[in-house]
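Beneath this line is the structure, given in structure tokens, with notes to follow.
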Amino acid sequence: MIQVDESDPVGEVEPSFPYRNVSIQRGVDMKELYDLQSELGRGKFGTVYRCREKSSGLQLAAKFVATPKREDRRNVEREIEIMRLLQHPRLIQLYDAYDNGKAMCVVLELIEGGELFERVICDDFILTEKSCTVFMRQICEGIEFIHKQNILHLDMKPENILCLTRTGNRIKIIDFGLARKYDPQKKLQVLFGTPEFVAPEIVNFDQISFETDMWSVGVICYVLLSGLSPFMGATDIETMANVTIAKYDFDDEVFNEISEDAKDFIQKLLLKDKEARLNANQCLKHKWLSEKAVNTTLSKVKLKRYVIKKRWIKAVNTIIALRRMGAKLDFDSV
Ligand code: AMP
């Protein structure tokens, strides 16, 4: 059974990833330098493969994004530019970048432990409030660093939190594809993200800020503890309507076993008034994250159901997307 070690919750030794001052290499075939291996996952914009750098033998991840339009290329360039600023152990690290005209490839640190929620629902993982605080603390540390660099992640959701290993408790935040630099002088409004996790100001197309990510952190925490999604409606429109009025509750019986400190933490993030939300640093100082949390085992029945449903939705979306493309997407065919 895997249980978070209380004395040293994040315990295991973490090798540091080599810092590289990455610039995009154009006209170079990345396959001459890397062996491509199995597929690791698919996102909205690209496919990620495991790969091995031929010269060093280093195992890495290569994300391929088709760039038929100039705007597609600009989006990947923005992601790379932002990742160059984000050297932190709780954030995925950039290793290399290539542009062959039709597609771009971003070579990243390989994260082998899979998605956090997949790990948590494994039968050998004991979920307690204590283990939730260990994960939430790391998420807040990563977000604190991102925000210190004046960057907004804007796509904080469980799929973007990966475990470093299959047995340890270290996590990393991934996917800076929607991230933006924050300039308080400029009005920043966006219309993207996942309805379940986006803040009211996104749905309302109002000014967004650091607090926009903190809302999503609150939703992630709610789902992790309960297996329920606080704003989920029968349709995306219904979900977004619930988000705009910040309508949620702790009425379900699963919350009977959740501490008041944990609920207080969530309540201070899921506030319609973004100015009133805790920032990442305040989260780290909140009683729930800074003091010893309850170690009773939480039920994972609802969380398992939640993760399995997501797997199905993802599989169906992948099939639809592949059918639409009518071909296998790889670096040669794009
Ligand atoms: P993304 O497009 O960045 O959201 O990636 C799509 C999926 O690929 C993610 O949900 C992960 O399951 C997987 N993935 C992305 N980056 C990595 C990585 N560096 N190491 C391992 N798996 C990854």
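Chain labels run A, B, ... following the order of the structure tokens; each chain numbers its residues from 1, and ligands are numbered from 1 in the order shown.
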Enumerate, in order of chain and increasing residue number, the residues of chain A with an atom no farther than 10 Å from ligand 1, each with its shortest atom pair and distance in Å to one decimal, counting only C-alpha atoms and all ligand atoms, as a Markdown table.
```
| residue | atom | partner | partner_atom_place_in_ligand_line | distance |
| --- | --- | --- | --- | --- |
| A:Glu39 | CA | ligand 1 | 8 (O) | 8.2 |
| A:Leu40 | CA | ligand 1 | 13 (C) | 5.1 |
| A:Gly41 | CA | ligand 1 | 8 (O) | 3.4 |
| A:Arg42 | CA | ligand 1 | 6 (C) | 4.1 |
| A:Gly43 | CA | ligand 1 | 2 (O) | 3.4 |
| A:Lys44 | CA | ligand 1 | 2 (O) | 6.0 |
| A:Phe45 | CA | ligand 1 | 2 (O) | 6.0 |
| A:Gly46 | CA | ligand 1 | 2 (O) | 5.4 |
| A:Thr47 | CA | ligand 1 | 6 (C) | 6.3 |
| A:Val48 | CA | ligand 1 | 8 (O) | 5.0 |
| A:Tyr49 | CA | ligand 1 | 22 (N) | 7.7 |
| A:Arg50 | CA | ligand 1 | 21 (C) | 7.2 |
| A:Cys51 | CA | ligand 1 | 20 (N) | 10.0 |
| A:Gln59 | CA | ligand 1 | 20 (N) | 9.8 |
| A:Leu60 | CA | ligand 1 | 19 (N) | 7.1 |
| A:Ala61 | CA | ligand 1 | 19 (N) | 5.0 |
| A:Ala62 | CA | ligand 1 | 19 (N) | 7.5 |
| A:Lys63 | CA | ligand 1 | 16 (N) | 7.0 |
| A:Phe64 | CA | ligand 1 | 2 (O) | 8.7 |
| A:Val65 | CA | ligand 1 | 2 (O) | 8.7 |
| A:Leu91 | CA | ligand 1 | 19 (N) | 10.0 |
| A:Ile92 | CA | ligand 1 | 19 (N) | 6.5 |
| A:Gln93 | CA | ligand 1 | 19 (N) | 7.9 |
| A:Leu94 | CA | ligand 1 | 19 (N) | 8.8 |
| A:Val106 | CA | ligand 1 | 19 (N) | 9.6 |
| A:Val107 | CA | ligand 1 | 19 (N) | 8.1 |
| A:Leu108 | CA | ligand 1 | 19 (N) | 5.2 |
| A:Glu109 | CA | ligand 1 | 19 (N) | 5.1 |
| A:Leu110 | CA | ligand 1 | 20 (N) | 4.0 |
| A:Ile111 | CA | ligand 1 | 20 (N) | 3.8 |
| A:Glu112 | CA | ligand 1 | 21 (C) | 5.6 |
| A:Gly113 | CA | ligand 1 | 21 (C) | 7.8 |
| A:Gly114 | CA | ligand 1 | 12 (O) | 6.3 |
| A:Glu115 | CA | ligand 1 | 12 (O) | 6.2 |
| A:Leu116 | CA | ligand 1 | 12 (O) | 9.9 |
| A:Asp155 | CA | ligand 1 | 4 (O) | 9.3 |
| A:Pro158 | CA | ligand 1 | 10 (O) | 9.0 |
| A:Glu159 | CA | ligand 1 | 10 (O) | 5.2 |
| A:Asn160 | CA | ligand 1 | 10 (O) | 5.9 |
| A:Ile161 | CA | ligand 1 | 10 (O) | 8.2 |
| A:Leu162 | CA | ligand 1 | 11 (C) | 7.3 |
| A:Cys163 | CA | ligand 1 | 21 (C) | 9.1 |
| A:Leu164 | CA | ligand 1 | 20 (N) | 8.8 |
| A:Lys172 | CA | ligand 1 | 19 (N) | 9.3 |
| A:Ile173 | CA | ligand 1 | 16 (N) | 9.5 |
| A:Ile174 | CA | ligand 1 | 3 (O) | 6.1 |
| A:Asp175 | CA | ligand 1 | 3 (O) | 4.1 |
| A:Phe176 | CA | ligand 1 | 3 (O) | 7.3 |
| A:Gly177 | CA | ligand 1 | 3 (O) | 7.1 |
| A:Leu178 | CA | ligand 1 | 4 (O) | 10.0 |
```
Please write the residues from the selection above to a file, keeping N, CA and C atoms, as a short mmCIF file (atom, residue, chain, number, x, y, z; two decimals), in the first residue's frame.
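Contents of result33.cif, as written:
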```cif
data_model
loop_
_atom_site.label_atom_id
_atom_site.label_comp_id
_atom_site.auth_asym_id
_atom_site.auth_seq_id
_atom_site.Cartn_x
_atom_site.Cartn_y
_atom_site.Cartn_z
N GLU A 39 3.72 6.56 -27.97
CA GLU A 39 2.91 7.76 -27.72
C GLU A 39 2.62 7.87 -26.22
N LEU A 40 2.76 9.08 -25.69
CA LEU A 40 2.49 9.29 -24.25
C LEU A 40 1.11 9.89 -24.00
N GLY A 41 0.64 10.66 -24.96
CA GLY A 41 -0.68 11.28 -24.77
C GLY A 41 -0.99 12.27 -25.87
N ARG A 42 -2.24 12.68 -25.89
CA ARG A 42 -2.67 13.67 -26.88
C ARG A 42 -3.33 14.83 -26.17
N GLY A 43 -3.01 16.02 -26.62
CA GLY A 43 -3.68 17.21 -26.07
C GLY A 43 -4.51 17.84 -27.16
N LYS A 44 -5.04 19.03 -26.85
CA LYS A 44 -5.88 19.72 -27.82
C LYS A 44 -5.10 20.06 -29.09
N PHE A 45 -3.81 20.35 -28.90
CA PHE A 45 -3.04 20.88 -30.03
C PHE A 45 -1.99 19.92 -30.58
N GLY A 46 -1.72 18.85 -29.91
CA GLY A 46 -0.66 18.00 -30.43
C GLY A 46 -0.58 16.65 -29.75
N THR A 47 0.40 15.86 -30.25
CA THR A 47 0.61 14.51 -29.72
C THR A 47 1.99 14.46 -29.08
N VAL A 48 2.06 13.78 -27.95
CA VAL A 48 3.32 13.72 -27.21
C VAL A 48 3.87 12.29 -27.26
N TYR A 49 5.14 12.16 -27.66
CA TYR A 49 5.81 10.86 -27.74
C TYR A 49 6.99 10.80 -26.77
N ARG A 50 7.26 9.61 -26.29
CA ARG A 50 8.50 9.39 -25.55
C ARG A 50 9.61 9.40 -26.60
N CYS A 51 10.77 9.95 -26.26
CA CYS A 51 11.89 9.90 -27.21
C CYS A 51 13.21 9.81 -26.45
N GLN A 59 16.22 10.12 -21.84
CA GLN A 59 14.81 9.86 -22.18
C GLN A 59 14.04 11.16 -21.99
N LEU A 60 13.30 11.56 -23.02
CA LEU A 60 12.57 12.84 -22.98
C LEU A 60 11.19 12.66 -23.58
N ALA A 61 10.43 13.75 -23.64
CA ALA A 61 9.11 13.71 -24.27
C ALA A 61 9.11 14.72 -25.42
N ALA A 62 8.55 14.33 -26.57
CA ALA A 62 8.52 15.25 -27.72
C ALA A 62 7.08 15.54 -28.08
N LYS A 63 6.73 16.82 -28.02
CA LYS A 63 5.35 17.22 -28.33
C LYS A 63 5.33 17.81 -29.74
N PHE A 64 4.54 17.21 -30.62
CA PHE A 64 4.44 17.66 -32.01
C PHE A 64 3.13 18.43 -32.20
N VAL A 65 3.26 19.58 -32.79
CA VAL A 65 2.08 20.40 -33.06
C VAL A 65 2.09 20.79 -34.53
N LEU A 91 7.51 22.49 -12.13
CA LEU A 91 7.01 22.79 -13.48
C LEU A 91 7.79 22.00 -14.52
N ILE A 92 7.09 21.53 -15.53
CA ILE A 92 7.76 20.79 -16.60
C ILE A 92 8.85 21.66 -17.23
N GLN A 93 9.98 21.04 -17.56
CA GLN A 93 11.10 21.80 -18.09
C GLN A 93 11.29 21.58 -19.59
N LEU A 94 11.73 22.65 -20.23
CA LEU A 94 11.96 22.65 -21.68
C LEU A 94 13.36 22.14 -21.98
N VAL A 106 8.36 20.34 -29.62
CA VAL A 106 8.91 20.85 -28.37
C VAL A 106 9.39 19.65 -27.57
N VAL A 107 10.69 19.60 -27.29
CA VAL A 107 11.24 18.48 -26.52
C VAL A 107 11.25 18.88 -25.04
N LEU A 108 10.65 18.02 -24.23
CA LEU A 108 10.41 18.34 -22.82
C LEU A 108 11.01 17.28 -21.90
N GLU A 109 11.17 17.66 -20.66
CA GLU A 109 11.50 16.70 -19.62
C GLU A 109 10.43 15.59 -19.64
N LEU A 110 10.87 14.34 -19.50
CA LEU A 110 9.89 13.23 -19.49
C LEU A 110 9.36 13.04 -18.07
N ILE A 111 8.05 12.98 -17.96
CA ILE A 111 7.44 12.76 -16.64
C ILE A 111 6.72 11.42 -16.70
N GLU A 112 7.20 10.48 -15.91
CA GLU A 112 6.83 9.08 -16.12
C GLU A 112 5.69 8.55 -15.27
N GLY A 113 5.25 9.33 -14.29
CA GLY A 113 4.30 8.77 -13.33
C GLY A 113 2.82 8.85 -13.72
N GLY A 114 2.52 9.46 -14.88
CA GLY A 114 1.12 9.56 -15.32
C GLY A 114 0.35 10.65 -14.59
N GLU A 115 -0.93 10.80 -15.00
CA GLU A 115 -1.75 11.88 -14.42
C GLU A 115 -2.03 11.64 -12.94
N LEU A 116 -2.04 12.72 -12.18
CA LEU A 116 -2.23 12.62 -10.72
C LEU A 116 -3.48 11.82 -10.35
N ASP A 155 -4.86 27.04 -17.78
CA ASP A 155 -5.44 25.74 -18.13
C ASP A 155 -5.18 24.75 -16.99
N PRO A 158 -6.95 18.71 -13.72
CA PRO A 158 -6.24 17.51 -13.27
C PRO A 158 -5.33 16.88 -14.33
N GLU A 159 -5.75 16.89 -15.61
CA GLU A 159 -4.91 16.28 -16.67
C GLU A 159 -3.55 16.95 -16.79
N ASN A 160 -3.45 18.19 -16.32
CA ASN A 160 -2.19 18.92 -16.45
C ASN A 160 -1.34 18.85 -15.19
N ILE A 161 -1.65 17.88 -14.34
CA ILE A 161 -0.80 17.63 -13.17
C ILE A 161 -0.33 16.19 -13.25
N LEU A 162 0.97 16.04 -13.49
CA LEU A 162 1.53 14.69 -13.66
C LEU A 162 2.38 14.31 -12.46
N CYS A 163 2.45 13.00 -12.18
CA CYS A 163 3.32 12.49 -11.12
C CYS A 163 4.68 12.16 -11.72
N LEU A 164 5.71 12.51 -10.97
CA LEU A 164 7.08 12.26 -11.44
C LEU A 164 7.35 10.77 -11.60
N LYS A 172 4.27 17.53 -11.09
CA LYS A 172 4.70 18.69 -11.90
C LYS A 172 3.51 19.20 -12.69
N ILE A 173 3.47 20.50 -12.85
CA ILE A 173 2.42 21.12 -13.68
C ILE A 173 2.93 21.14 -15.12
N ILE A 174 2.06 20.71 -16.05
CA ILE A 174 2.46 20.70 -17.47
C ILE A 174 1.54 21.60 -18.30
N ASP A 175 1.83 21.67 -19.58
CA ASP A 175 1.02 22.30 -20.61
C ASP A 175 0.84 23.82 -20.46
N PHE A 176 1.78 24.52 -21.05
CA PHE A 176 1.72 25.98 -21.04
C PHE A 176 1.18 26.52 -22.37
N GLY A 177 0.42 25.64 -23.05
CA GLY A 177 -0.13 25.99 -24.36
C GLY A 177 -1.10 27.16 -24.33
N LEU A 178 -1.78 27.37 -23.21
CA LEU A 178 -2.73 28.50 -23.13
C LEU A 178 -2.20 29.63 -22.25
#
```
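Neighbouring residues of A:His153 at 8 Å or closer, counting only C-alpha atoms and skipping chain neighbours under 3 positions away, are Ile143, Ile146, Met156, Phe176, Leu178, Ala179, Arg180 and Asp213 of chain A.
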message = With DSSP run on the backbone, what are the alpha helix (DSSP H) residues within stretch 83-154 of chain A? I'd like them as a list in words.
response = Met83, Arg84, Leu116, Phe117, Glu118, Arg119, Val120, Glu129, Lys130, Ser131, Cys132, Thr133, Val134, Phe135, Met136, Arg137, Gln138, Ile139, Cys140, Glu141, Gly142, Ile143, Glu144, Phe145, Ile146, His147 and Lys148 of chain A
List as CSV every residue of stretch 177-276 of chain A that is in contact with stretch 121-134 of chain A, defined as an atom at most 10 Å from one of its atoms (using only C-alpha atoms), together with the nearest atom pair and the distance in Å rounded to one decimal, sorted by chain and then rising number.
```
residue,atom,partner,partner_atom,distance
A:Cys221,CA,A:Cys132,CA,7.8
A:Leu224,CA,A:Cys132,CA,7.1
A:Leu225,CA,A:Cys132,CA,7.0
A:Glu257,CA,A:Glu129,CA,9.6
A:Ile258,CA,A:Glu129,CA,7.6
A:Ser259,CA,A:Glu129,CA,8.2
A:Ala262,CA,A:Glu129,CA,8.1
```
How about saving the chosen residues, C-alpha atoms kept, as a compact mmCIF listing (two decimals), in the first residue's frame?
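The new file selection-v2.txt reads:
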```
# COMPACT_ATOMS: atom_id res chain seq x y z
CA CYS A 221 -9.01 20.53 -4.74
CA LEU A 224 -9.58 15.53 -5.46
CA LEU A 225 -11.21 15.42 -2.03
CA GLU A 257 -15.72 13.16 6.37
CA ILE A 258 -13.92 16.30 5.09
CA SER A 259 -12.45 18.72 7.64
CA ALA A 262 -10.27 21.80 3.87
```
inquiry  = as a list of chain:residue names, please: the residues near A:Asn256 (cut-off 12 Å, only C-alpha atoms, same-chain neighbours under 5 positions excluded).
reply    = A:Leu225, A:Ser226, A:Phe250, A:Asp251, A:Ala262, A:Lys263, A:Leu298, A:Ser299
Those same residues, written as a short mmCIF file (atom, residue, chain, number, x, y, z; two decimals), in the first residue's frame with N, CA and C atoms?
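Once written, out.cif looks like this:
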```cif
data_model
loop_
_atom_site.label_atom_id
_atom_site.label_comp_id
_atom_site.auth_asym_id
_atom_site.auth_seq_id
_atom_site.Cartn_x
_atom_site.Cartn_y
_atom_site.Cartn_z
N LEU A 225 -10.71 15.85 -3.34
CA LEU A 225 -11.21 15.42 -2.03
C LEU A 225 -12.51 14.61 -2.12
N SER A 226 -13.35 14.94 -3.11
CA SER A 226 -14.70 14.37 -3.10
C SER A 226 -15.03 13.47 -4.29
N PHE A 250 -21.40 21.94 -0.36
CA PHE A 250 -20.73 20.79 0.24
C PHE A 250 -21.80 19.83 0.78
N ASP A 251 -22.96 19.79 0.13
CA ASP A 251 -24.09 19.03 0.67
C ASP A 251 -23.94 17.51 0.57
N ALA A 262 -10.32 22.08 5.31
CA ALA A 262 -10.27 21.80 3.87
C ALA A 262 -11.38 22.58 3.17
N LYS A 263 -12.58 22.57 3.76
CA LYS A 263 -13.70 23.29 3.14
C LYS A 263 -13.42 24.79 3.11
N LEU A 298 -9.98 8.47 2.88
CA LEU A 298 -11.16 9.00 2.19
C LEU A 298 -11.67 7.97 1.19
N SER A 299 -12.97 7.99 0.95
CA SER A 299 -13.54 7.10 -0.06
C SER A 299 -13.11 7.58 -1.46
#
```
inquiry  = Give me the residues near A:Val203 as JSON, numbers by chain, where near means some atom within 12 Å (using only C-alpha atoms) and where sequence neighbours in that chain fewer than 6 positions away do not count.
reply    = {"A": [189, 190, 191, 192, 193, 194, 195, 196, 197, 212, 236, 237, 238, 239, 240, 241, 242, 243, 244, 245, 246, 272]}
Given the selection you just returned, output its residues as a file containing C-alpha atoms, formatted as a PDB file, in the first residue's frame.
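Once everything was written out, this is part_3.pdb:
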```
ATOM      1  CA  GLN A 189      -9.556  38.634 -21.775  1.00  0.00           C
ATOM      2  CA  VAL A 190      -9.617  35.082 -23.083  1.00  0.00           C
ATOM      3  CA  LEU A 191     -12.293  32.685 -24.193  1.00  0.00           C
ATOM      4  CA  PHE A 192     -10.832  29.243 -23.701  1.00  0.00           C
ATOM      5  CA  GLY A 193     -10.179  26.574 -21.082  1.00  0.00           C
ATOM      6  CA  THR A 194     -12.273  23.685 -19.778  1.00  0.00           C
ATOM      7  CA  PRO A 195     -15.746  24.816 -18.560  1.00  0.00           C
ATOM      8  CA  GLU A 196     -15.544  22.684 -15.401  1.00  0.00           C
ATOM      9  CA  PHE A 197     -12.355  24.438 -14.274  1.00  0.00           C
ATOM     10  CA  THR A 212      -8.135  33.190 -12.422  1.00  0.00           C
ATOM     11  CA  ASP A 236     -21.188  22.897 -21.041  1.00  0.00           C
ATOM     12  CA  ILE A 237     -23.710  25.773 -21.147  1.00  0.00           C
ATOM     13  CA  GLU A 238     -25.199  24.607 -17.840  1.00  0.00           C
ATOM     14  CA  THR A 239     -21.715  24.199 -16.330  1.00  0.00           C
ATOM     15  CA  MET A 240     -20.770  27.733 -17.372  1.00  0.00           C
ATOM     16  CA  ALA A 241     -24.052  29.096 -15.976  1.00  0.00           C
ATOM     17  CA  ASN A 242     -23.211  27.477 -12.609  1.00  0.00           C
ATOM     18  CA  VAL A 243     -19.692  28.942 -12.777  1.00  0.00           C
ATOM     19  CA  THR A 244     -20.875  32.500 -13.471  1.00  0.00           C
ATOM     20  CA  ILE A 245     -22.983  32.534 -10.331  1.00  0.00           C
ATOM     21  CA  ALA A 246     -20.342  30.552  -8.385  1.00  0.00           C
ATOM     22  CA  LYS A 272     -16.981  35.012  -7.587  1.00  0.00           C
TER      23      LYS A 272
END
```
